[in-house]
$ cat start26.txt   # compact mmCIF, C-alpha atoms
# COMPACT_ATOMS: atom_id res chain seq x y z
CA MET L 644 9.34 22.38 -1.44
CA HIS L 645 10.50 20.42 -4.46
CA ASN L 646 14.10 20.83 -3.31
CA ILE L 647 13.64 19.35 0.13
CA ASN L 648 15.37 16.03 0.52
CA PRO L 649 12.80 13.34 -0.41
CA SER L 650 13.79 10.97 2.39
CA ILE L 651 13.39 13.65 5.04
CA LYS L 652 10.10 14.73 3.50
CA ALA L 653 8.78 11.17 3.54
CA GLY L 654 10.00 10.66 7.11
CA THR L 655 8.40 13.89 8.32
CA VAL L 656 5.05 13.09 6.70
CA THR L 657 5.09 9.58 8.14
CA ILE L 658 5.94 10.72 11.66
CA ALA L 659 3.27 13.40 11.48
CA ALA L 660 0.71 10.76 10.43
CA ILE L 661 1.67 8.52 13.34
CA VAL L 662 1.35 11.39 15.82
CA ILE L 663 -2.05 12.29 14.35
CA ALA L 664 -3.20 8.70 14.88
CA PHE L 665 -3.18 9.41 18.61
CA LEU L 666 -4.87 12.79 18.32
CA PHE L 667 -8.62 12.89 18.87
CA ASP L 668 -9.17 16.65 19.09
CA PRO L 669 -11.15 17.65 15.96
CA LEU L 670 -10.27 21.34 16.16
CA ALA L 671 -6.52 20.70 16.38
CA LEU L 672 -6.79 18.35 13.41
CA LEU L 673 -8.70 20.91 11.38
CA LEU L 674 -6.06 23.55 12.13
CA TYR L 675 -3.34 21.14 11.03
CA ILE L 676 -5.20 20.32 7.81
CA GLY L 677 -5.35 24.02 7.03
CA TRP L 678 -1.66 24.35 7.79
CA THR L 679 -0.70 21.41 5.55
CA ILE L 680 -2.81 22.65 2.64
CA ALA L 681 -1.36 26.15 2.99
CA ILE L 682 2.22 24.85 2.98
CA THR L 683 1.55 22.67 -0.06
CA LEU L 684 -0.05 25.43 -2.08
CA LEU L 685 2.29 28.23 -1.04
CA PHE L 686 5.65 26.47 -1.14
CA GLY L 687 4.88 23.55 -3.41
CA ARG L 688 3.83 25.59 -6.46
CA VAL L 689 0.86 23.25 -6.90
CA PRO L 690 -2.02 24.69 -8.96
CA ILE L 691 -5.18 24.86 -6.84
CA ARG L 692 -7.29 23.16 -9.51
CA LYS L 693 -4.94 20.17 -9.66
CA TYR L 694 -4.88 20.01 -5.89
CA LEU L 695 -8.66 19.94 -5.60
CA LEU L 696 -8.86 17.24 -8.26
CA TYR L 697 -6.49 15.03 -6.29
CA LEU L 698 -8.32 15.76 -3.06
CA LEU L 699 -11.71 14.70 -4.42
CA PRO L 700 -11.40 10.90 -3.95
CA PHE L 701 -10.23 11.42 -0.36
CA THR L 702 -13.11 13.68 0.40
CA MET L 703 -15.41 10.88 -0.74
CA PHE L 704 -13.47 8.42 1.38
CA ALA L 705 -13.74 10.68 4.42
CA ILE L 706 -17.47 11.10 3.91
CA GLY L 707 -17.84 7.33 3.60
CA MET L 708 -15.96 6.98 6.87
CA LEU L 709 -18.21 9.55 8.53
CA VAL L 710 -21.43 7.85 7.44
CA SER L 711 -20.28 4.36 8.35
CA THR L 712 -19.05 5.40 11.80
CA LEU L 713 -22.36 7.13 12.47
CA LEU L 714 -24.22 3.95 11.52
CA PHE L 715 -21.99 1.44 13.32
CA ALA L 716 -20.86 3.40 16.36
CA LYS L 717 -20.61 1.80 19.78
CA THR L 718 -23.44 2.45 22.22
CA PRO L 719 -22.77 5.85 23.77
CA GLU L 720 -22.53 6.25 27.53
CA ASN L 721 -25.00 9.14 27.64
CA PRO L 722 -27.50 8.45 24.86
CA SER L 723 -29.78 11.16 26.20
CA VAL L 724 -27.30 13.92 25.36
CA THR L 725 -28.12 14.47 21.74
CA GLN L 726 -26.99 16.85 19.08
CA GLN L 727 -28.57 18.04 15.88
CA PHE L 728 -26.59 16.66 12.94
CA LEU L 729 -27.95 17.88 9.60
CA PHE L 730 -31.50 16.49 9.87
CA TRP L 731 -31.10 13.86 12.53
CA GLU L 732 -31.03 13.91 16.27
CA LEU L 733 -28.05 11.75 17.27
CA PRO L 734 -26.12 11.06 20.48
CA LYS L 735 -23.49 13.74 20.94
CA GLU L 736 -20.68 11.25 21.58
CA THR L 737 -21.37 9.39 18.35
CA VAL L 738 -21.35 12.55 16.30
CA GLN L 739 -18.09 13.71 17.83
CA ASP L 740 -16.35 10.35 17.33
CA ALA L 741 -17.49 10.13 13.74
CA LEU L 742 -16.44 13.68 12.94
CA ALA L 743 -13.03 13.18 14.55
CA LEU L 744 -12.47 10.03 12.53
CA ALA L 745 -13.49 11.57 9.22
CA ILE L 746 -11.32 14.62 9.87
CA ARG L 747 -8.40 12.34 10.70
CA VAL L 748 -8.75 10.45 7.43
CA PHE L 749 -8.85 13.80 5.67
CA SER L 750 -5.70 15.00 7.40
CA TYR L 751 -3.84 11.87 6.25
CA SER L 752 -4.85 12.75 2.71
CA THR L 753 -3.54 16.28 2.89
CA LEU L 754 -0.23 15.03 4.32
CA SER L 755 0.05 12.47 1.54
CA LEU L 756 -0.68 15.02 -1.14
CA LEU L 757 2.03 17.26 0.33
CA PHE L 758 4.49 14.48 -0.43
CA VAL L 759 3.10 13.07 -3.66
CA LEU L 760 2.58 16.38 -5.46
CA THR L 761 6.01 17.83 -4.67
CA THR L 762 8.34 14.85 -5.03
CA ASP L 763 10.11 13.41 -8.06
CA LYS L 764 9.70 9.63 -7.90
CA VAL L 765 13.17 8.67 -9.10
CA ALA L 766 14.71 11.23 -6.75
CA PHE L 767 12.86 9.56 -3.88
CA ILE L 768 14.38 6.13 -4.64
CA LEU L 769 17.89 7.53 -5.22
CA SER L 770 17.67 9.47 -1.99
CA LEU L 771 16.60 6.29 -0.19
CA ILE L 772 19.90 4.71 -1.24
CA GLN L 773 21.98 7.74 -0.38
CA GLN L 774 20.36 8.86 2.85
CA CYS L 775 18.60 5.81 4.27
CA ARG L 776 21.25 3.26 3.33
CA VAL L 777 18.80 1.15 1.34
CA SER L 778 20.74 -1.49 -0.58
CA PRO L 779 21.42 -0.28 -4.16
CA LYS L 780 20.67 -3.77 -5.40
CA LEU L 781 17.17 -3.53 -3.99
CA ALA L 782 16.60 0.11 -4.94
CA TYR L 783 17.72 -0.21 -8.55
CA GLY L 784 15.72 -3.43 -8.76
CA ILE L 785 12.65 -1.44 -7.75
CA LEU L 786 13.45 1.30 -10.28
CA ALA L 787 13.81 -1.31 -13.02
CA GLY L 788 10.49 -2.84 -12.04
CA TYR L 789 8.88 0.59 -11.95
CA ARG L 790 9.96 1.14 -15.56
CA PHE L 791 7.72 -1.78 -16.57
CA LEU L 792 4.68 0.28 -15.71
CA PRO L 793 4.18 1.93 -19.13
CA LEU L 794 5.22 -1.31 -20.84
CA LEU L 795 2.42 -3.20 -19.13
CA LYS L 796 -0.16 -1.18 -21.00
CA ASP L 797 1.40 -2.10 -24.37
CA GLU L 798 1.59 -5.68 -23.21
CA LEU L 799 -2.12 -5.68 -22.46
CA THR L 800 -2.88 -4.46 -25.99
CA THR L 801 -0.64 -7.20 -27.39
CA ILE L 802 -2.38 -9.90 -25.37
CA ARG L 803 -5.77 -8.61 -26.44
CA SER L 804 -4.78 -8.63 -30.12
CA ALA L 805 -3.28 -12.10 -29.76
CA HIS L 806 -6.52 -13.37 -28.30
CA LEU L 807 -8.53 -11.72 -31.07
CA ILE L 808 -6.40 -13.07 -33.88
CA ARG L 809 -6.65 -16.60 -32.55
CA GLY L 810 -10.38 -16.31 -32.15
CA ALA L 811 -10.52 -16.49 -28.35
CA LYS L 812 -13.81 -15.49 -26.82
CA THR L 813 -13.73 -11.82 -25.90
CA ASN L 814 -17.31 -11.27 -24.87
CA THR L 815 -16.95 -13.33 -21.70
CA SER L 816 -17.89 -12.11 -18.25
CA ARG L 817 -15.81 -9.50 -16.49
CA PHE L 818 -14.39 -11.99 -14.00
CA SER L 819 -13.14 -14.52 -16.55
CA ARG L 820 -11.73 -11.66 -18.58
CA TYR L 821 -9.57 -10.71 -15.60
CA LYS L 822 -8.34 -14.31 -15.45
CA GLN L 823 -7.71 -14.32 -19.17
CA TYR L 824 -5.40 -11.32 -18.97
CA THR L 825 -3.77 -11.56 -15.53
CA ILE L 826 -1.75 -14.72 -16.04
CA PRO L 827 -0.24 -13.78 -19.43
CA LEU L 828 0.47 -10.29 -18.12
CA LEU L 829 2.26 -11.62 -15.04
CA ALA L 830 4.12 -14.22 -17.09
CA SER L 831 5.47 -11.65 -19.51
CA ALA L 832 6.36 -9.32 -16.64
CA ILE L 833 8.39 -12.10 -15.03
CA ARG L 834 10.16 -12.94 -18.30
CA LYS L 835 10.98 -9.28 -18.83
CA ALA L 836 12.25 -8.98 -15.27
CA GLU L 837 14.60 -11.92 -15.73
CA ARG L 838 16.01 -10.43 -18.93
CA THR L 839 16.45 -7.04 -17.25
CA ALA L 840 18.29 -8.58 -14.31
CA ILE L 841 20.68 -10.37 -16.63
CA ALA L 842 21.21 -7.16 -18.60
CA MET L 843 21.99 -5.22 -15.44
CA GLU L 844 24.51 -7.79 -14.29
CA SER L 845 26.15 -8.11 -17.69
CA LYS L 846 26.71 -4.36 -17.74
CA GLY L 847 28.63 -4.57 -14.53
CA PHE L 848 25.97 -3.79 -11.93
CA THR L 849 27.09 -5.50 -8.76
CA GLY L 850 24.79 -3.81 -6.28
CA GLU L 851 27.66 -2.90 -3.97
CA ARG L 852 27.36 0.09 -1.70
CA ASP L 853 30.55 1.89 -2.71
CA ARG L 854 29.22 2.91 -6.11
CA THR L 855 29.19 6.44 -7.48
CA PHE L 856 26.10 8.44 -8.43
CA TYR L 857 25.35 10.75 -11.32
CA ARG L 858 22.73 12.52 -9.24
CA THR L 859 23.68 13.03 -5.61
CA TYR L 860 21.37 14.04 -2.81
CA HIS L 861 22.35 15.72 0.43
CA THR L 862 20.61 16.97 3.49
CA ASN L 863 21.09 20.52 4.68
CA TRP L 864 19.62 22.79 7.31
CA ILE L 865 16.54 23.68 5.24
CA ASP L 866 15.47 20.04 5.27
CA TRP L 867 15.71 19.86 9.05
CA ILE L 868 13.89 23.17 9.47
CA PHE L 869 11.09 21.76 7.32
CA ALA L 870 10.88 18.67 9.53
CA ILE L 871 10.90 20.69 12.75
CA VAL L 872 8.33 23.21 11.48
CA MET L 873 5.95 20.53 10.21
CA LEU L 874 6.10 18.52 13.44
CA GLY L 875 6.16 21.60 15.68
CA ALA L 876 2.97 22.81 13.99
CA ILE L 877 1.11 19.80 15.39
CA ILE L 878 1.97 20.88 18.94
CA LEU L 879 1.04 24.45 18.10
CA CYS L 880 -2.34 23.32 16.73
CA ILE L 881 -3.02 21.38 19.93
CA ILE L 882 -2.15 24.41 22.08
CA VAL L 883 -4.28 26.80 20.01
CA SER L 884 -7.19 24.37 20.07
CA LYS L 885 -6.91 23.95 23.86
CA SER L 886 -6.98 27.70 24.38
CA PHE L 887 -10.34 27.86 22.59
CA GLN L 888 -11.98 25.34 24.90
CA MET R 1100 18.84 -11.04 1.93
CA LYS R 1101 22.38 -12.05 1.00
CA SER R 1102 21.12 -15.09 -0.87
CA TRP R 1103 18.97 -13.02 -3.22
CA ARG R 1104 19.95 -12.98 -6.84
CA MET R 1105 19.45 -9.86 -8.95
CA LYS R 1106 16.82 -11.85 -10.80
CA ASP R 1107 14.87 -12.46 -7.60
CA ILE R 1108 14.80 -8.77 -6.82
CA VAL R 1109 13.71 -7.58 -10.26
CA VAL R 1110 11.06 -10.30 -10.52
CA MET R 1111 9.83 -9.30 -7.06
CA ALA R 1112 9.68 -5.68 -8.22
CA ALA R 1113 7.83 -6.65 -11.41
CA LEU R 1114 5.26 -8.60 -9.39
CA ALA R 1115 4.99 -5.67 -7.00
CA VAL R 1116 4.29 -3.30 -9.91
CA VAL R 1117 1.49 -5.48 -11.26
CA PHE R 1118 -0.04 -6.01 -7.84
CA GLY R 1119 0.56 -2.39 -6.91
CA ILE R 1120 -1.80 -1.47 -9.77
CA VAL R 1121 -4.28 -4.09 -8.59
CA TYR R 1122 -4.09 -2.65 -5.09
CA LEU R 1123 -4.79 0.85 -6.35
CA LEU R 1124 -7.68 -0.39 -8.49
CA PHE R 1125 -9.22 -1.90 -5.38
CA LEU R 1126 -9.18 1.36 -3.44
CA PRO R 1127 -12.35 2.71 -5.11
CA VAL R 1128 -13.92 -0.76 -4.73
CA ASN R 1129 -13.15 -0.41 -1.06
CA VAL R 1130 -14.94 2.95 -0.86
CA VAL R 1131 -18.01 1.44 -2.54
CA MET R 1132 -18.00 -1.58 -0.21
CA MET R 1133 -17.64 0.66 2.80
CA GLY R 1134 -20.44 2.91 1.66
CA LEU R 1135 -22.74 -0.06 1.09
CA ILE R 1136 -22.19 -2.17 4.21
CA GLY R 1137 -20.01 -0.12 6.54
CA PRO R 1138 -16.41 -0.58 7.70
CA ILE R 1139 -16.73 -4.36 7.51
CA GLY R 1140 -16.96 -4.05 3.73
CA THR R 1141 -13.25 -3.26 3.72
CA ASP R 1142 -12.48 -6.43 5.64
CA ILE R 1143 -14.29 -8.67 3.16
CA ILE R 1144 -11.89 -7.72 0.37
CA PHE R 1145 -8.86 -6.99 2.55
CA GLY R 1146 -7.09 -10.20 1.51
CA VAL R 1147 -6.45 -8.66 -1.90
CA TRP R 1148 -3.84 -6.37 -0.36
CA PHE R 1149 -1.68 -9.27 0.87
CA LEU R 1150 -1.61 -11.12 -2.47
CA VAL R 1151 1.88 -10.13 -3.55
CA SER R 1152 3.44 -11.46 -0.32
CA ILE R 1153 2.00 -14.89 -0.86
CA VAL R 1154 2.60 -15.05 -4.62
CA ALA R 1155 6.21 -13.79 -4.43
CA ALA R 1156 7.13 -15.93 -1.42
CA TYR R 1157 5.61 -19.03 -3.03
CA ILE R 1158 7.51 -18.44 -6.29
CA ILE R 1159 10.92 -17.39 -4.93
CA GLN R 1160 10.84 -19.32 -1.61
CA LYS R 1161 13.56 -17.39 0.19
CA PRO R 1162 13.59 -15.68 3.59
CA GLY R 1163 12.37 -12.09 3.56
CA VAL R 1164 10.54 -12.26 0.24
CA ALA R 1165 7.04 -11.91 1.71
CA LEU R 1166 8.05 -8.83 3.69
CA VAL R 1167 10.11 -7.12 0.99
CA SER R 1168 7.70 -7.78 -1.89
CA GLU R 1169 4.81 -6.25 0.05
CA THR R 1170 7.03 -3.29 0.97
CA ILE R 1171 8.00 -2.78 -2.68
CA ALA R 1172 4.34 -2.91 -3.64
CA GLY R 1173 3.80 -0.14 -1.10
CA VAL R 1174 6.65 1.90 -2.59
CA VAL R 1175 5.26 1.32 -6.09
CA GLU R 1176 1.87 2.56 -4.95
CA VAL R 1177 3.55 5.75 -3.74
CA LEU R 1178 5.49 6.06 -7.01
CA ILE R 1179 2.38 5.65 -9.15
CA GLY R 1180 0.86 8.43 -7.11
CA SER R 1181 -1.22 6.74 -4.52
CA SER R 1182 -3.24 9.06 -2.72
CA VAL R 1183 -2.56 7.45 0.58
CA GLY R 1184 1.06 8.67 0.52
CA PRO R 1185 4.26 7.33 2.07
CA ILE R 1186 2.36 6.09 5.11
CA ILE R 1187 1.17 3.24 2.91
CA ILE R 1188 4.75 1.92 2.94
CA LEU R 1189 4.48 1.50 6.70
CA SER R 1190 1.15 -0.29 6.35
CA ALA R 1191 2.76 -2.54 3.74
CA ILE R 1192 5.66 -3.35 6.06
CA VAL R 1193 3.22 -4.25 8.83
CA GLN R 1194 1.25 -6.56 6.52
CA GLY R 1195 4.44 -8.07 5.11
CA LEU R 1196 5.69 -8.85 8.63
CA GLY R 1197 2.52 -10.78 9.38
CA ALA R 1198 2.82 -12.85 6.22
CA GLU R 1199 6.56 -13.34 6.71
CA ALA R 1200 5.98 -14.70 10.22
CA ALA R 1201 4.00 -17.65 8.88
CA PHE R 1202 6.82 -18.64 6.52
CA ALA R 1203 9.44 -18.06 9.22
CA ILE R 1204 7.66 -20.48 11.58
CA THR R 1205 8.21 -23.28 9.06
CA ARG R 1206 11.80 -22.03 8.61
CA TYR R 1207 11.04 -21.43 4.94
CA ARG R 1208 10.86 -25.18 4.28
CA SER R 1209 7.17 -25.71 3.76
CA TYR R 1210 4.99 -23.96 1.22
CA HIS R 1211 1.96 -26.13 1.88
CA VAL R 1212 -1.43 -24.61 1.23
CA LEU R 1213 -2.00 -24.28 4.98
CA VAL R 1214 1.19 -22.24 5.35
CA LEU R 1215 0.09 -19.96 2.51
CA MET R 1216 -3.28 -19.47 4.17
CA GLY R 1217 -1.47 -18.93 7.48
CA ALA R 1218 0.52 -16.15 5.83
CA GLY R 1219 -2.73 -14.50 4.78
CA VAL R 1220 -4.05 -14.83 8.33
CA GLY R 1221 -0.82 -13.42 9.77
CA ALA R 1222 -1.03 -10.39 7.51
CA ALA R 1223 -4.70 -9.98 8.43
CA ILE R 1224 -3.89 -9.92 12.14
CA THR R 1225 -0.97 -7.49 11.98
CA SER R 1226 -2.81 -5.21 9.58
CA PHE R 1227 -5.82 -5.23 11.89
CA ILE R 1228 -3.74 -4.18 14.90
CA TRP R 1229 -2.23 -1.39 12.79
CA GLY R 1230 -5.65 -0.38 11.50
CA TYR R 1231 -7.03 -0.37 15.03
CA PHE R 1232 -4.75 2.53 15.89
CA ARG R 1233 -4.63 4.26 12.54
CA GLY R 1234 -8.28 3.95 11.62
CA GLY R 1235 -9.63 4.60 15.10
CA PHE R 1236 -11.68 1.40 15.45
CA VAL R 1237 -11.91 2.42 19.11
CA ALA R 1238 -14.94 4.46 18.16
CA LEU R 1239 -16.82 1.38 16.97
CA ASP R 1240 -18.90 -1.15 18.87
CA PRO R 1241 -16.46 -3.78 20.35
CA SER R 1242 -18.49 -6.76 19.16
CA TYR R 1243 -18.56 -5.23 15.70
CA VAL R 1244 -14.77 -4.85 15.83
CA VAL R 1245 -14.39 -8.55 16.67
CA LEU R 1246 -16.64 -9.44 13.74
CA MET R 1247 -14.47 -7.24 11.50
CA LEU R 1248 -11.36 -9.09 12.65
CA ILE R 1249 -12.91 -12.49 11.94
CA VAL R 1250 -14.06 -11.44 8.48
CA ARG R 1251 -10.61 -10.05 7.72
CA ILE R 1252 -8.89 -13.26 8.82
CA ILE R 1253 -11.16 -15.31 6.56
CA SER R 1254 -10.50 -12.89 3.72
CA GLY R 1255 -6.74 -13.20 4.29
CA ALA R 1256 -6.89 -16.99 4.25
CA VAL R 1257 -9.17 -17.28 1.24
CA ILE R 1258 -8.32 -14.36 -1.03
CA SER R 1259 -4.58 -14.09 -0.44
CA GLY R 1260 -3.90 -17.72 0.58
CA LEU R 1261 -6.02 -19.70 -1.86
CA ILE R 1262 -6.24 -17.28 -4.78
CA GLY R 1263 -2.55 -16.40 -4.36
CA LYS R 1264 -1.72 -20.10 -4.61
CA ALA R 1265 -3.91 -20.48 -7.68
CA ILE R 1266 -2.24 -17.51 -9.43
CA SER R 1267 1.28 -18.78 -8.66
CA GLU R 1268 0.49 -22.27 -9.92
CA ALA R 1269 -1.14 -20.98 -13.07
CA LEU R 1270 2.10 -19.05 -13.67
CA ALA R 1271 4.19 -22.16 -13.08
CA LYS R 1272 2.09 -23.92 -15.73
CA THR R 1273 3.12 -21.33 -18.33
CA GLY R 1274 6.76 -22.34 -17.90
CA THR R 1275 8.04 -18.88 -17.01
CA LEU R 1276 9.18 -19.94 -13.57
CA THR R 1277 11.67 -22.64 -14.57
CA SER R 1278 14.55 -20.89 -12.83
CA PHE R 1279 12.59 -20.45 -9.59
CA PRO R 1280 11.84 -22.98 -6.85
CA LEU R 1281 8.13 -23.11 -7.65
CA GLY R 1282 8.85 -23.85 -11.31
CA LYS R 1283 11.20 -26.63 -10.31
CA MET R 1284 8.64 -28.04 -7.90
CA TYR R 1285 6.05 -28.02 -10.65
CA ARG R 1286 8.35 -29.82 -13.10
CA GLN R 1287 9.24 -32.48 -10.56
CA ARG R 1288 5.62 -33.06 -9.77
CA LYS R 1289 4.84 -33.42 -13.46
CA ALA R 1290 7.75 -35.78 -14.04
CA GLY R 1291 7.17 -37.90 -10.98

$ encode --input "start26.txt" --output "structure tokens"
Amino acid sequence: MHNINPSIKAGTVTIAAIVIAFLFDPLALLLYIGWTIAITLLFGRVPIRKYLLYLLPFTMFAIGMLVSTLLFAKTPENPSVTQQFLFWELPKETVQDALALAIRVFSYSTLSLLFVLTTDKVAFILSLIQQCRVSPKLAYGILAGYRFLPLLKDELTTIRSAHLIRGAKTNTSRFSRYKQYTIPLLASAIRKAERTAIAMESKGFTGERDRTFYRTYHTNWIDWIFAIVMLGAIILCIIVSKSFQ
Amino acid sequence: MKSWRMKDIVVMAALAVVFGIVYLLFLPVNVVMMGLIGPIGTDIIFGVWFLVSIVAAYIIQKPGVALVSETIAGVVEVLIGSSVGPIIILSAIVQGLGAEAAFAITRYRSYHVLVLMGAGVGAAITSFIWGYFRGGFVALDPSYVVLMLIVRIISGAVISGLIGKAISEALAKTGTLTSFPLGKMYRQRKAG
């Protein structure tokens, strides 16, 4: 799983998500969720505990979606056809719509986790240049910006100390504290970005396409099999679900 | 894209990283809002997710910046480990296109406050169409869906348009933007 070309993996997951957007059959979606989780755990060498931890926020999101759809659903065509849902008697249509929606949100999450937990971030960007013809200028710019991430935390500490030492009010409200930190943080990020850009150019980075790479990425038949199997499974899930009805 | 300097790109990426974090921080807020007042809770704060388009386009003032900065923010969210996955890049592109359209209409000549708000509205509309299919708004009451759209448009205009403008101008005041169009605009205004 970790060795599959990141661009193809991202493409497959995205296409699968788009197809799912047009799928309203809850059983087929559930089957596909099971399939995605199985693939991630079996071939992705992801520890179950870590997986569950990552899945937790999405589960909450899906439940939120379920509750809000139940509360704000459109008026059903046959309100008399009701169904027991936990403790309430609700129109059957509403319950089905809400369940389908929550399951769909959940299936997006499992697809995302399949990508996020098995992909090296830098490899993803480098593969975007090499397979998807993204401009190196843009891609390396993004990588440079991404490297600021850990620096931002240090910067925040610096700003806080600077405020303290100069006797700025620190016990202000949460909102004004955001204002107090955001502008200096952005300003220093922009200064740093300008310096980095100059450094890149002075070291001979031109951003042309005919550059060489230390790490090269290729696509081979395994990547395509992965794509076909993942997308084919959707069709399979629909067929299996139909045969149950 | 040819007219972009390396500096423009890295600054765009740096902005995208900062706003990418902001975007991720707002995801749990979103869940709380949704839990409290339903799907419309998302729309109230939705303008937050277009901020980088408006800020970056206002600072750099070149064609394509609104679209690409939002896209980079989406990529950064994936890199940080957003839970929403690579699909978020597509959502970002859709939002960026909406914002970009507003700047394209003025042929990238005007960065008046109304244009900035228009960019927020554009992003609100495209993101709503995208959300309609992805989020399955079909299941909701049609009049409620219209209300959601209106709230989102207002949020786009106010949060991303007005607050985005305020952030950019506060940055110009610090003097960090002297080599960018907004910084130059600010200096001229101060001098004249």

$ interface_residues --input "start26.txt" --of "chain L" --to "chain R" --cutoff "6 Å" --atoms "only C-alpha atoms" --output "PDB file with C-alpha atoms, keeping the file's coordinate frame"
ATOM      1  CA  THR L 657       5.090   9.580   8.140  1.00  0.00           C
ATOM      2  CA  ALA L 664      -3.200   8.700  14.880  1.00  0.00           C
ATOM      3  CA  GLY L 707     -17.840   7.330   3.600  1.00  0.00           C
ATOM      4  CA  SER L 711     -20.280   4.360   8.350  1.00  0.00           C
ATOM      5  CA  ALA L 716     -20.860   3.400  16.360  1.00  0.00           C
ATOM      6  CA  LYS L 717     -20.610   1.800  19.780  1.00  0.00           C
ATOM      7  CA  SER L 755       0.050  12.470   1.540  1.00  0.00           C
ATOM      8  CA  LYS L 764       9.700   9.630  -7.900  1.00  0.00           C
ATOM      9  CA  GLY L 784      15.720  -3.430  -8.760  1.00  0.00           C
ATOM     10  CA  ILE L 785      12.650  -1.440  -7.750  1.00  0.00           C
ATOM     11  CA  GLY L 788      10.490  -2.840 -12.040  1.00  0.00           C
ATOM     12  CA  ILE L 833       8.390 -12.100 -15.030  1.00  0.00           C
ATOM     13  CA  ALA L 836      12.250  -8.980 -15.270  1.00  0.00           C
ATOM     14  CA  GLU L 837      14.600 -11.920 -15.730  1.00  0.00           C
ATOM     15  CA  ALA L 840      18.290  -8.580 -14.310  1.00  0.00           C
TER      16      ALA L 840
END

$ residues_around --input "start26.txt" --residues "range 793-798 of chain L" --least-positions-apart "3" --cutoff "9 Å" --atoms "all atoms listed in the file" --output "PyMOL selection string"
(chain L and resi 789-790+801-803+828+831-832) or (chain R and resi 1117)

$ residues_around --input "start26.txt" --residues "Gly1221 in chain R" --least-positions-apart "6" --cutoff "7 Å" --atoms "all atoms listed in the file" --output "list of chain:residue names"
R:Gly1197, R:Ala1198, R:Ala1200, R:Ala1201

$ residues_around --input "start26.txt" --residues "Leu1166 in chain R" --least-positions-apart "2" --cutoff "9 Å" --atoms "all atoms listed in the file" --output "PyMOL selection string"
chain R and resi 1152+1156+1162-1164+1168-1171+1191-1199

$ atom_distance --input "start26.txt" --atom1 "CA of Leu829 in chain L" --atom2 "CA of Ser770 in chain L"
29.2 Å

$ atom_distance --input "start26.txt" --atom1 "CA of Ile663 in chain L" --atom2 "CA of Thr737 in chain L"
19.9 Å

$ atom_distance --input "start26.txt" --atom1 "CA of Ile1262 in chain R" --atom2 "CA of Tyr1285 in chain R"
17.3 Å

$ axis_aligned_box --input "start26.txt" --around "range 1195-1211 of chain R" --padding-each-side "8 Å" --output "JSON"
{"center_x": 6.9, "center_y": -17.1, "center_z": 6.4, "size_x": 25.8, "size_y": 34.1, "size_z": 26.4}

$ residues_around --input "start26.txt" --residues "Ile881 in chain L" --least-positions-apart "5" --cutoff "9 Å" --atoms "all atoms listed in the file" --output "MDAnalysis selection string"
chainID L and resid 666 668 670:672 674:675 876 886
